$ cat data-v1.cif   # mmCIF, N, CA, C and O atoms
data_data
#
loop_
_atom_site.label_atom_id
_atom_site.label_comp_id
_atom_site.auth_asym_id
_atom_site.auth_seq_id
_atom_site.Cartn_x
_atom_site.Cartn_y
_atom_site.Cartn_z
N PHE E 1327 3.44 -20.99 28.87
CA PHE E 1327 3.65 -20.84 27.44
C PHE E 1327 2.34 -20.52 26.70
O PHE E 1327 2.31 -19.62 25.87
N TRP E 1328 1.30 -21.26 26.98
CA TRP E 1328 0.08 -21.12 26.18
C TRP E 1328 -0.60 -19.77 26.35
O TRP E 1328 -1.20 -19.24 25.41
N THR E 1329 -0.50 -19.20 27.52
CA THR E 1329 -1.06 -17.86 27.71
C THR E 1329 -0.33 -16.86 26.82
O THR E 1329 -0.96 -16.04 26.14
N LEU E 1330 0.98 -16.95 26.80
CA LEU E 1330 1.77 -16.07 25.93
C LEU E 1330 1.49 -16.34 24.46
O LEU E 1330 1.37 -15.42 23.66
N TYR E 1331 1.38 -17.61 24.13
CA TYR E 1331 1.12 -17.96 22.73
C TYR E 1331 -0.24 -17.41 22.28
O TYR E 1331 -0.37 -16.90 21.16
N ASP E 1332 -1.23 -17.52 23.14
CA ASP E 1332 -2.56 -16.98 22.80
C ASP E 1332 -2.50 -15.47 22.57
O ASP E 1332 -3.14 -14.95 21.65
N GLU E 1333 -1.76 -14.76 23.41
CA GLU E 1333 -1.57 -13.32 23.22
C GLU E 1333 -0.92 -13.05 21.87
O GLU E 1333 -1.35 -12.17 21.12
N TYR E 1334 0.16 -13.78 21.61
CA TYR E 1334 0.89 -13.63 20.35
C TYR E 1334 -0.03 -13.90 19.16
O TYR E 1334 -0.06 -13.12 18.20
N GLU E 1335 -0.77 -14.98 19.23
CA GLU E 1335 -1.64 -15.39 18.12
C GLU E 1335 -2.70 -14.33 17.83
O GLU E 1335 -3.01 -14.05 16.67
N GLN E 1336 -3.25 -13.73 18.85
CA GLN E 1336 -4.25 -12.69 18.66
C GLN E 1336 -3.64 -11.49 17.91
O GLN E 1336 -4.23 -10.97 16.96
N LYS E 1337 -2.47 -11.07 18.31
CA LYS E 1337 -1.79 -9.95 17.66
C LYS E 1337 -1.34 -10.33 16.25
O LYS E 1337 -1.41 -9.51 15.33
N ARG E 1338 -0.88 -11.56 16.07
CA ARG E 1338 -0.45 -12.02 14.75
C ARG E 1338 -1.63 -12.04 13.78
O ARG E 1338 -1.49 -11.66 12.62
N LYS E 1339 -2.79 -12.46 14.26
CA LYS E 1339 -3.98 -12.50 13.40
C LYS E 1339 -4.38 -11.11 12.94
O LYS E 1339 -4.80 -10.93 11.79
N GLU E 1340 -4.26 -10.12 13.81
CA GLU E 1340 -4.57 -8.74 13.43
C GLU E 1340 -3.66 -8.29 12.28
O GLU E 1340 -4.13 -7.69 11.32
N LEU E 1341 -2.37 -8.58 12.41
CA LEU E 1341 -1.44 -8.23 11.34
C LEU E 1341 -1.73 -9.06 10.09
O LEU E 1341 -1.61 -8.56 8.97
N GLY E 1342 -2.10 -10.32 10.26
CA GLY E 1342 -2.43 -11.18 9.14
C GLY E 1342 -3.61 -10.66 8.34
O GLY E 1342 -3.61 -10.73 7.10
N LYS E 1343 -4.61 -10.13 9.01
CA LYS E 1343 -5.76 -9.55 8.32
C LYS E 1343 -5.34 -8.37 7.47
O LYS E 1343 -5.78 -8.22 6.32
N LYS E 1344 -4.48 -7.53 8.01
CA LYS E 1344 -3.98 -6.38 7.26
C LYS E 1344 -3.16 -6.83 6.05
O LYS E 1344 -3.28 -6.26 4.97
N ARG E 1345 -2.34 -7.85 6.23
CA ARG E 1345 -1.54 -8.38 5.12
C ARG E 1345 -2.46 -8.97 4.05
O ARG E 1345 -2.25 -8.76 2.86
N PHE E 1346 -3.49 -9.69 4.48
CA PHE E 1346 -4.45 -10.29 3.54
C PHE E 1346 -5.14 -9.19 2.72
O PHE E 1346 -5.30 -9.32 1.51
N GLN E 1347 -5.55 -8.12 3.38
CA GLN E 1347 -6.19 -7.00 2.68
C GLN E 1347 -5.23 -6.39 1.66
O GLN E 1347 -5.64 -6.07 0.54
N LEU E 1348 -3.97 -6.24 2.03
CA LEU E 1348 -2.99 -5.67 1.11
C LEU E 1348 -2.76 -6.59 -0.08
O LEU E 1348 -2.68 -6.13 -1.22
N VAL E 1349 -2.66 -7.88 0.17
CA VAL E 1349 -2.46 -8.84 -0.92
C VAL E 1349 -3.66 -8.82 -1.86
O VAL E 1349 -3.50 -8.82 -3.09
N ASN E 1350 -4.87 -8.79 -1.32
CA ASN E 1350 -6.07 -8.71 -2.16
C ASN E 1350 -6.07 -7.45 -3.02
O ASN E 1350 -6.43 -7.49 -4.21
N LYS E 1351 -5.70 -6.35 -2.42
CA LYS E 1351 -5.63 -5.09 -3.15
C LYS E 1351 -4.62 -5.20 -4.30
O LYS E 1351 -4.88 -4.79 -5.42
N TYR E 1352 -3.49 -5.82 -4.01
CA TYR E 1352 -2.44 -6.01 -5.02
C TYR E 1352 -2.92 -6.92 -6.14
O TYR E 1352 -2.74 -6.62 -7.32
N VAL E 1353 -3.55 -8.03 -5.77
CA VAL E 1353 -4.05 -8.98 -6.77
C VAL E 1353 -5.07 -8.31 -7.68
O VAL E 1353 -5.06 -8.50 -8.90
N ASN E 1354 -5.95 -7.52 -7.11
CA ASN E 1354 -6.98 -6.84 -7.90
C ASN E 1354 -6.39 -5.84 -8.88
O ASN E 1354 -7.01 -5.52 -9.91
N GLU E 1355 -5.21 -5.32 -8.56
CA GLU E 1355 -4.58 -4.33 -9.43
C GLU E 1355 -3.38 -4.91 -10.20
O GLU E 1355 -2.67 -4.17 -10.88
N TYR E 1356 -3.18 -6.22 -10.11
CA TYR E 1356 -2.02 -6.85 -10.72
C TYR E 1356 -1.99 -6.57 -12.22
O TYR E 1356 -2.99 -6.71 -12.91
N GLY E 1357 -0.85 -6.17 -12.72
CA GLY E 1357 -0.69 -5.86 -14.13
C GLY E 1357 -1.06 -4.43 -14.48
O GLY E 1357 -0.81 -3.97 -15.58
N LYS E 1358 -1.67 -3.72 -13.54
CA LYS E 1358 -2.09 -2.34 -13.77
C LYS E 1358 -1.48 -1.40 -12.73
O LYS E 1358 -1.93 -0.27 -12.60
N VAL E 1359 -0.51 -1.86 -12.00
CA VAL E 1359 0.05 -1.07 -10.91
C VAL E 1359 0.93 0.05 -11.46
O VAL E 1359 1.85 -0.20 -12.23
N SER E 1360 0.63 1.25 -11.06
CA SER E 1360 1.43 2.42 -11.46
C SER E 1360 2.66 2.51 -10.56
O SER E 1360 2.69 1.90 -9.48
N PRO E 1361 3.66 3.27 -10.97
CA PRO E 1361 4.83 3.44 -10.10
C PRO E 1361 4.46 3.98 -8.71
O PRO E 1361 5.01 3.53 -7.70
N ALA E 1362 3.53 4.92 -8.66
CA ALA E 1362 3.14 5.47 -7.35
C ALA E 1362 2.46 4.41 -6.50
O ALA E 1362 2.74 4.31 -5.30
N ASN E 1363 1.58 3.61 -7.11
CA ASN E 1363 0.91 2.53 -6.37
C ASN E 1363 1.90 1.46 -5.94
O ASN E 1363 1.77 0.91 -4.85
N ALA E 1364 2.87 1.17 -6.80
CA ALA E 1364 3.88 0.17 -6.46
C ALA E 1364 4.64 0.60 -5.21
O ALA E 1364 4.88 -0.21 -4.30
N ASP E 1365 4.99 1.88 -5.16
CA ASP E 1365 5.72 2.38 -3.99
C ASP E 1365 4.84 2.33 -2.74
O ASP E 1365 5.31 1.97 -1.67
N THR E 1366 3.57 2.65 -2.89
CA THR E 1366 2.64 2.59 -1.76
C THR E 1366 2.49 1.16 -1.26
O THR E 1366 2.53 0.90 -0.05
N PHE E 1367 2.33 0.21 -2.20
CA PHE E 1367 2.23 -1.20 -1.81
C PHE E 1367 3.47 -1.62 -1.02
O PHE E 1367 3.37 -2.27 0.01
N MET E 1368 4.64 -1.27 -1.54
CA MET E 1368 5.87 -1.70 -0.88
C MET E 1368 6.04 -1.06 0.49
O MET E 1368 6.47 -1.72 1.43
N LYS E 1369 5.68 0.19 0.62
CA LYS E 1369 5.78 0.83 1.94
C LYS E 1369 4.89 0.12 2.95
O LYS E 1369 5.30 -0.14 4.08
N GLU E 1370 3.66 -0.21 2.52
CA GLU E 1370 2.75 -0.94 3.42
C GLU E 1370 3.26 -2.34 3.71
O GLU E 1370 3.21 -2.80 4.86
N ALA E 1371 3.78 -3.02 2.67
CA ALA E 1371 4.29 -4.39 2.86
C ALA E 1371 5.49 -4.40 3.81
O ALA E 1371 5.59 -5.26 4.69
N ILE E 1372 6.38 -3.46 3.64
CA ILE E 1372 7.56 -3.38 4.51
C ILE E 1372 7.15 -3.07 5.94
O ILE E 1372 7.66 -3.68 6.89
N GLN E 1373 6.22 -2.16 6.10
CA GLN E 1373 5.74 -1.82 7.44
C GLN E 1373 5.11 -3.05 8.12
O GLN E 1373 5.40 -3.33 9.29
N LEU E 1374 4.29 -3.79 7.39
CA LEU E 1374 3.67 -5.00 7.96
C LEU E 1374 4.71 -6.07 8.27
O LEU E 1374 4.63 -6.74 9.30
N ARG E 1375 5.68 -6.24 7.37
CA ARG E 1375 6.74 -7.22 7.62
C ARG E 1375 7.51 -6.86 8.87
O ARG E 1375 7.79 -7.72 9.72
N ASN E 1376 7.86 -5.58 9.02
CA ASN E 1376 8.60 -5.15 10.21
C ASN E 1376 7.79 -5.36 11.49
O ASN E 1376 8.33 -5.80 12.50
N LYS E 1377 6.49 -5.05 11.43
CA LYS E 1377 5.64 -5.26 12.61
C LYS E 1377 5.56 -6.75 12.96
O LYS E 1377 5.61 -7.12 14.13
N SER E 1378 5.44 -7.60 11.94
CA SER E 1378 5.38 -9.05 12.18
C SER E 1378 6.69 -9.55 12.77
O SER E 1378 6.68 -10.35 13.73
N ASN E 1379 7.80 -9.11 12.22
CA ASN E 1379 9.10 -9.53 12.75
C ASN E 1379 9.30 -9.05 14.18
O ASN E 1379 9.78 -9.80 15.04
N ASN E 1380 8.92 -7.80 14.45
CA ASN E 1380 9.05 -7.27 15.81
C ASN E 1380 8.16 -8.01 16.80
O ASN E 1380 8.57 -8.27 17.94
N LEU E 1381 6.95 -8.37 16.35
CA LEU E 1381 6.05 -9.14 17.21
C LEU E 1381 6.66 -10.50 17.56
O LEU E 1381 6.71 -10.89 18.72
N LEU E 1382 7.14 -11.20 16.54
CA LEU E 1382 7.75 -12.51 16.77
C LEU E 1382 8.97 -12.39 17.68
O LEU E 1382 9.13 -13.18 18.61
N ASP E 1383 9.81 -11.42 17.41
CA ASP E 1383 11.00 -11.23 18.24
C ASP E 1383 10.64 -10.93 19.69
O ASP E 1383 11.24 -11.47 20.62
N SER E 1384 9.62 -10.09 19.90
CA SER E 1384 9.25 -9.74 21.26
C SER E 1384 8.66 -10.95 22.00
O SER E 1384 8.93 -11.14 23.19
N TYR E 1385 7.89 -11.79 21.31
CA TYR E 1385 7.35 -12.97 21.98
C TYR E 1385 8.39 -14.05 22.18
O TYR E 1385 8.31 -14.82 23.13
N TYR E 1386 9.39 -14.11 21.32
CA TYR E 1386 10.52 -15.00 21.58
C TYR E 1386 11.14 -14.63 22.92
O TYR E 1386 11.38 -15.49 23.77
N LYS E 1387 11.39 -13.34 23.12
CA LYS E 1387 12.01 -12.88 24.37
C LYS E 1387 11.11 -13.14 25.58
O LYS E 1387 11.59 -13.57 26.63
N LYS E 1388 9.80 -12.90 25.44
CA LYS E 1388 8.87 -13.15 26.54
C LYS E 1388 8.83 -14.63 26.89
O LYS E 1388 8.85 -14.99 28.07
N ILE E 1389 8.74 -15.46 25.88
CA ILE E 1389 8.66 -16.90 26.12
C ILE E 1389 9.97 -17.40 26.73
O ILE E 1389 9.97 -18.22 27.64
N LYS E 1390 11.09 -16.89 26.23
CA LYS E 1390 12.39 -17.29 26.78
C LYS E 1390 12.50 -16.94 28.26
O LYS E 1390 12.96 -17.74 29.06
N SER E 1391 12.01 -15.75 28.62
CA SER E 1391 12.16 -15.33 30.01
C SER E 1391 11.19 -16.06 30.94
O SER E 1391 11.49 -16.23 32.12
N ARG E 1392 10.04 -16.50 30.42
CA ARG E 1392 9.05 -17.16 31.28
C ARG E 1392 9.10 -18.68 31.22
O ARG E 1392 8.49 -19.34 32.06
N THR E 1393 9.79 -19.21 30.22
CA THR E 1393 9.96 -20.68 30.15
C THR E 1393 11.46 -20.97 30.12
O THR E 1393 12.10 -20.92 31.15
N ASP E 1394 11.98 -21.25 28.93
CA ASP E 1394 13.42 -21.41 28.77
C ASP E 1394 13.80 -21.18 27.30
O ASP E 1394 12.92 -21.17 26.44
N PRO E 1395 15.08 -21.00 27.01
CA PRO E 1395 15.51 -20.70 25.64
C PRO E 1395 15.16 -21.78 24.61
O PRO E 1395 14.90 -21.46 23.46
N VAL E 1396 15.12 -23.03 25.01
CA VAL E 1396 14.80 -24.11 24.08
C VAL E 1396 13.34 -23.99 23.62
O VAL E 1396 13.04 -24.08 22.43
N VAL E 1397 12.43 -23.78 24.54
CA VAL E 1397 11.02 -23.61 24.20
C VAL E 1397 10.85 -22.38 23.31
O VAL E 1397 10.13 -22.42 22.31
N ALA E 1398 11.54 -21.31 23.64
CA ALA E 1398 11.46 -20.08 22.85
C ALA E 1398 11.99 -20.31 21.43
O ALA E 1398 11.40 -19.84 20.46
N LEU E 1399 13.09 -21.03 21.32
CA LEU E 1399 13.66 -21.36 20.01
C LEU E 1399 12.68 -22.19 19.19
O LEU E 1399 12.47 -21.93 18.00
N GLN E 1400 12.06 -23.18 19.80
CA GLN E 1400 11.09 -24.02 19.09
C GLN E 1400 9.90 -23.18 18.63
O GLN E 1400 9.42 -23.35 17.50
N PHE E 1401 9.42 -22.30 19.48
CA PHE E 1401 8.33 -21.39 19.11
C PHE E 1401 8.75 -20.57 17.89
O PHE E 1401 8.02 -20.48 16.90
N TYR E 1402 9.91 -19.97 17.95
CA TYR E 1402 10.40 -19.11 16.88
C TYR E 1402 10.54 -19.89 15.57
O TYR E 1402 10.09 -19.43 14.51
N GLN E 1403 11.15 -21.07 15.64
CA GLN E 1403 11.34 -21.89 14.44
C GLN E 1403 10.02 -22.27 13.80
O GLN E 1403 9.86 -22.17 12.58
N MET E 1404 9.07 -22.71 14.60
CA MET E 1404 7.78 -23.14 14.05
C MET E 1404 7.02 -21.96 13.47
O MET E 1404 6.41 -22.08 12.40
N GLU E 1405 7.03 -20.83 14.12
CA GLU E 1405 6.33 -19.66 13.59
C GLU E 1405 6.95 -19.20 12.28
O GLU E 1405 6.23 -18.85 11.35
N ARG E 1406 8.26 -19.19 12.20
CA ARG E 1406 8.94 -18.82 10.96
C ARG E 1406 8.61 -19.82 9.84
O ARG E 1406 8.32 -19.43 8.71
N TYR E 1407 8.67 -21.10 10.16
CA TYR E 1407 8.39 -22.15 9.19
C TYR E 1407 6.96 -22.00 8.64
O TYR E 1407 6.75 -21.99 7.43
N LEU E 1408 5.99 -21.87 9.53
CA LEU E 1408 4.60 -21.74 9.09
C LEU E 1408 4.37 -20.46 8.30
O LEU E 1408 3.68 -20.47 7.28
N SER E 1409 4.96 -19.39 8.74
CA SER E 1409 4.83 -18.11 8.05
C SER E 1409 5.41 -18.20 6.63
O SER E 1409 4.81 -17.72 5.67
N ASP E 1410 6.57 -18.83 6.50
CA ASP E 1410 7.18 -18.98 5.18
C ASP E 1410 6.33 -19.86 4.27
O ASP E 1410 6.19 -19.56 3.08
N LEU E 1411 5.78 -20.93 4.80
CA LEU E 1411 4.91 -21.79 3.99
C LEU E 1411 3.68 -21.04 3.48
O LEU E 1411 3.30 -21.17 2.31
N ILE E 1412 3.09 -20.25 4.34
CA ILE E 1412 1.91 -19.48 3.95
C ILE E 1412 2.28 -18.46 2.87
O ILE E 1412 1.56 -18.31 1.88
N ARG E 1413 3.40 -17.80 3.03
CA ARG E 1413 3.84 -16.82 2.02
C ARG E 1413 4.06 -17.48 0.67
O ARG E 1413 3.69 -16.94 -0.36
N ILE E 1414 4.69 -18.65 0.67
CA ILE E 1414 4.94 -19.36 -0.58
C ILE E 1414 3.63 -19.71 -1.26
O ILE E 1414 3.47 -19.52 -2.47
N GLU E 1415 2.68 -20.21 -0.49
CA GLU E 1415 1.37 -20.56 -1.05
C GLU E 1415 0.68 -19.34 -1.67
O GLU E 1415 0.12 -19.40 -2.75
N ILE E 1416 0.72 -18.22 -0.97
CA ILE E 1416 0.08 -16.99 -1.46
C ILE E 1416 0.76 -16.53 -2.75
O ILE E 1416 0.09 -16.19 -3.72
N LEU E 1417 2.07 -16.52 -2.77
CA LEU E 1417 2.80 -16.08 -3.97
C LEU E 1417 2.52 -17.00 -5.15
O LEU E 1417 2.32 -16.52 -6.27
N GLU E 1418 2.50 -18.31 -4.91
CA GLU E 1418 2.18 -19.23 -5.99
C GLU E 1418 0.79 -18.97 -6.54
O GLU E 1418 0.57 -18.99 -7.75
N GLU E 1419 -0.15 -18.70 -5.66
CA GLU E 1419 -1.53 -18.42 -6.08
C GLU E 1419 -1.61 -17.13 -6.89
O GLU E 1419 -2.29 -17.07 -7.91
N ILE E 1420 -0.92 -16.11 -6.45
CA ILE E 1420 -0.93 -14.83 -7.17
C ILE E 1420 -0.40 -15.03 -8.59
O ILE E 1420 -1.03 -14.60 -9.56
N TYR E 1421 0.73 -15.68 -8.71
CA TYR E 1421 1.35 -15.80 -10.02
C TYR E 1421 0.66 -16.84 -10.90
O TYR E 1421 0.67 -16.71 -12.12
N THR E 1422 0.00 -17.81 -10.31
CA THR E 1422 -0.73 -18.81 -11.10
C THR E 1422 -2.01 -18.20 -11.66
O THR E 1422 -2.35 -18.40 -12.82
N THR E 1423 -2.73 -17.45 -10.84
CA THR E 1423 -4.01 -16.90 -11.30
C THR E 1423 -3.87 -15.63 -12.11
O THR E 1423 -4.79 -15.21 -12.77
N SER E 1424 -2.70 -15.02 -12.09
CA SER E 1424 -2.53 -13.75 -12.79
C SER E 1424 -1.86 -13.93 -14.15
O SER E 1424 -1.61 -12.94 -14.83
N ASN E 1425 -1.53 -15.15 -14.55
CA ASN E 1425 -0.86 -15.41 -15.82
C ASN E 1425 0.44 -14.63 -15.94
O ASN E 1425 0.75 -14.04 -16.95
N TYR E 1426 1.21 -14.64 -14.88
CA TYR E 1426 2.47 -13.91 -14.81
C TYR E 1426 3.45 -14.51 -15.77
O TYR E 1426 3.63 -15.64 -15.96
#

$ encode --input "data-v1.cif" --output "structure tokens"
Amino acid sequence: FWTLYDEYEQKRKELGKKRFQLVNKYVNEYGKVSPANADTFMKEAIQLRNKSNNLLDSYYKKIKSRTDPVVALQFYQMERYLSDLIRIEILEEIYTTSNY
């Protein structure tokens, strides 16, 4: 399990850095976003979300095949839970500091 998890975590961090850069770019332009920029932000956000979901799904399958479905389910649940918590924190910070 841990070898697979380490692989997953390395790839997840790469995507996380890209998401962090996109969020920073959005925060810096908050309130001044043009329609064209809004569409660009969303295209990048959707692409990153899809890559993250695909990564998680693929490691669920890898972990399930090399361990068992229960371990894979627990991995999936915890990763989703942590990811959702982080997203909530980031969104709260964006809207708190931007006087939304």

$ atom_distance --input "data-v1.cif" --atom1 "atom O of Tyr1352 in chain E" --atom2 "CA of Ser1378 in chain E"
21.3 Å

$ residues_around --input "data-v1.cif" --residues "range 1330-1333 of chain E" --least-positions-apart "4" --cutoff "8 Å" --atoms "only C-alpha atoms" --output "list in words"
Lys1337, Tyr1385, Lys1388 and Ile1389 of chain E

$ residues_around --input "data-v1.cif" --residues "range 1406-1414 of chain E" --least-positions-apart "6" --cutoff "10 Å" --atoms "only C-alpha atoms" --output "compact mmCIF listing (two decimals) with N, CA, C and O atoms, in the frame of the given file"
# COMPACT_ATOMS: atom_id res chain seq x y z
N SER E 1378 5.44 -7.60 11.94
CA SER E 1378 5.38 -9.05 12.18
C SER E 1378 6.69 -9.55 12.77
O SER E 1378 6.68 -10.35 13.73
N ASN E 1379 7.80 -9.11 12.22
CA ASN E 1379 9.10 -9.53 12.75
C ASN E 1379 9.30 -9.05 14.18
O ASN E 1379 9.78 -9.80 15.04
N LEU E 1382 7.14 -11.20 16.54
CA LEU E 1382 7.75 -12.51 16.77
C LEU E 1382 8.97 -12.39 17.68
O LEU E 1382 9.13 -13.18 18.61
N GLN E 1400 12.06 -23.18 19.80
CA GLN E 1400 11.09 -24.02 19.09
C GLN E 1400 9.90 -23.18 18.63
O GLN E 1400 9.42 -23.35 17.50
N ILE E 1420 -0.92 -16.11 -6.45
CA ILE E 1420 -0.93 -14.83 -7.17
C ILE E 1420 -0.40 -15.03 -8.59
O ILE E 1420 -1.03 -14.60 -9.56

$ atom_distance --input "data-v1.cif" --atom1 "CA of Gln1373 in chain E" --atom2 "atom N of Glu1335 in chain E"
18.8 Å

$ closest_residue --input "data-v1.cif" --among "E:Gly1342, E:Ile1416, E:Phe1401, E:Leu1374" --to "Tyr1386 in chain E" --atoms "all atoms listed in the file"
E:Phe1401

$ closest_residue --input "data-v1.cif" --among "E:Met1404, E:Ile1372, E:Phe1327, E:Val1349" --to "Lys1390 in chain E" --atoms "only C-alpha atoms"
E:Phe1327

$ atom_distance --input "data-v1.cif" --atom1 "atom N of Gln1336 in chain E" --atom2 "CA of Glu1405 in chain E"
12.4 Å

$ decode --input "data-v1.cif" --residues "range 1335-1406 of chain E" --atoms "C-alpha atoms" --output "compact mmCIF listing (two decimals), in the first residue's frame"
# COMPACT_ATOMS: atom_id res chain seq x y z
CA GLU E 1335 1.07 11.51 -3.29
CA GLN E 1336 3.91 12.65 -5.54
CA LYS E 1337 1.54 12.99 -8.52
CA ARG E 1338 -1.15 14.62 -6.37
CA LYS E 1339 1.33 17.23 -5.13
CA GLU E 1340 2.24 18.15 -8.71
CA LEU E 1341 -1.42 18.76 -9.49
CA GLY E 1342 -1.83 20.59 -6.17
CA LYS E 1343 0.93 23.03 -7.09
CA LYS E 1344 -0.81 23.81 -10.37
CA ARG E 1345 -4.13 24.29 -8.57
CA PHE E 1346 -2.45 26.57 -6.01
CA GLN E 1347 -0.96 28.68 -8.81
CA LEU E 1348 -4.37 28.96 -10.48
CA VAL E 1349 -6.06 29.95 -7.22
CA ASN E 1350 -3.41 32.60 -6.57
CA LYS E 1351 -3.87 33.97 -10.07
CA TYR E 1352 -7.63 34.10 -9.49
CA VAL E 1353 -7.29 35.77 -6.09
CA ASN E 1354 -4.98 38.42 -7.54
CA GLU E 1355 -7.55 39.22 -10.22
CA TYR E 1356 -10.65 38.81 -8.04
CA GLY E 1357 -13.25 41.44 -8.82
CA LYS E 1358 -11.50 42.37 -12.06
CA VAL E 1359 -11.99 39.17 -14.02
CA SER E 1360 -13.11 39.72 -17.60
CA PRO E 1361 -15.43 37.25 -19.35
CA ALA E 1362 -12.49 35.92 -21.38
CA ASN E 1363 -10.37 35.45 -18.25
CA ALA E 1364 -13.28 33.82 -16.44
CA ASP E 1365 -13.59 31.27 -19.21
CA THR E 1366 -9.83 30.64 -19.16
CA PHE E 1367 -9.87 30.15 -15.38
CA MET E 1368 -12.74 27.69 -15.63
CA LYS E 1369 -11.14 25.70 -18.44
CA GLU E 1370 -7.96 25.35 -16.36
CA ALA E 1371 -9.93 24.55 -13.19
CA ILE E 1372 -12.00 21.88 -14.94
CA GLN E 1373 -8.91 20.35 -16.51
CA LEU E 1374 -7.16 20.18 -13.11
CA ARG E 1375 -10.26 18.77 -11.42
CA ASN E 1376 -10.55 16.07 -14.08
CA LYS E 1377 -6.85 15.18 -13.76
CA SER E 1378 -7.19 14.97 -9.96
CA ASN E 1379 -10.29 12.79 -10.20
CA ASN E 1380 -8.65 10.52 -12.78
CA LEU E 1381 -5.55 10.21 -10.61
CA LEU E 1382 -7.58 9.25 -7.55
CA ASP E 1383 -9.69 6.80 -9.54
CA SER E 1384 -6.63 5.15 -11.06
CA TYR E 1385 -4.94 4.72 -7.67
CA TYR E 1386 -8.14 3.36 -6.17
CA LYS E 1387 -8.01 0.64 -8.85
CA LYS E 1388 -4.28 0.00 -8.31
CA ILE E 1389 -4.66 -0.23 -4.55
CA LYS E 1390 -7.71 -2.48 -4.89
CA SER E 1391 -5.86 -4.88 -7.16
CA ARG E 1392 -2.71 -5.02 -5.00
CA THR E 1393 -4.38 -5.06 -1.58
CA ASP E 1394 -8.15 -5.44 -1.29
CA PRO E 1395 -11.33 -3.43 -1.96
CA VAL E 1396 -11.74 -2.37 1.69
CA VAL E 1397 -8.27 -0.78 1.83
CA ALA E 1398 -8.92 0.89 -1.53
CA LEU E 1399 -12.27 2.22 -0.30
CA GLN E 1400 -10.67 3.64 2.85
CA PHE E 1401 -7.95 5.28 0.75
CA TYR E 1402 -10.55 6.81 -1.56
CA GLN E 1403 -12.76 8.05 1.29
CA MET E 1404 -9.89 9.67 3.17
CA GLU E 1405 -8.46 11.35 0.08
CA ARG E 1406 -11.88 12.73 -0.87
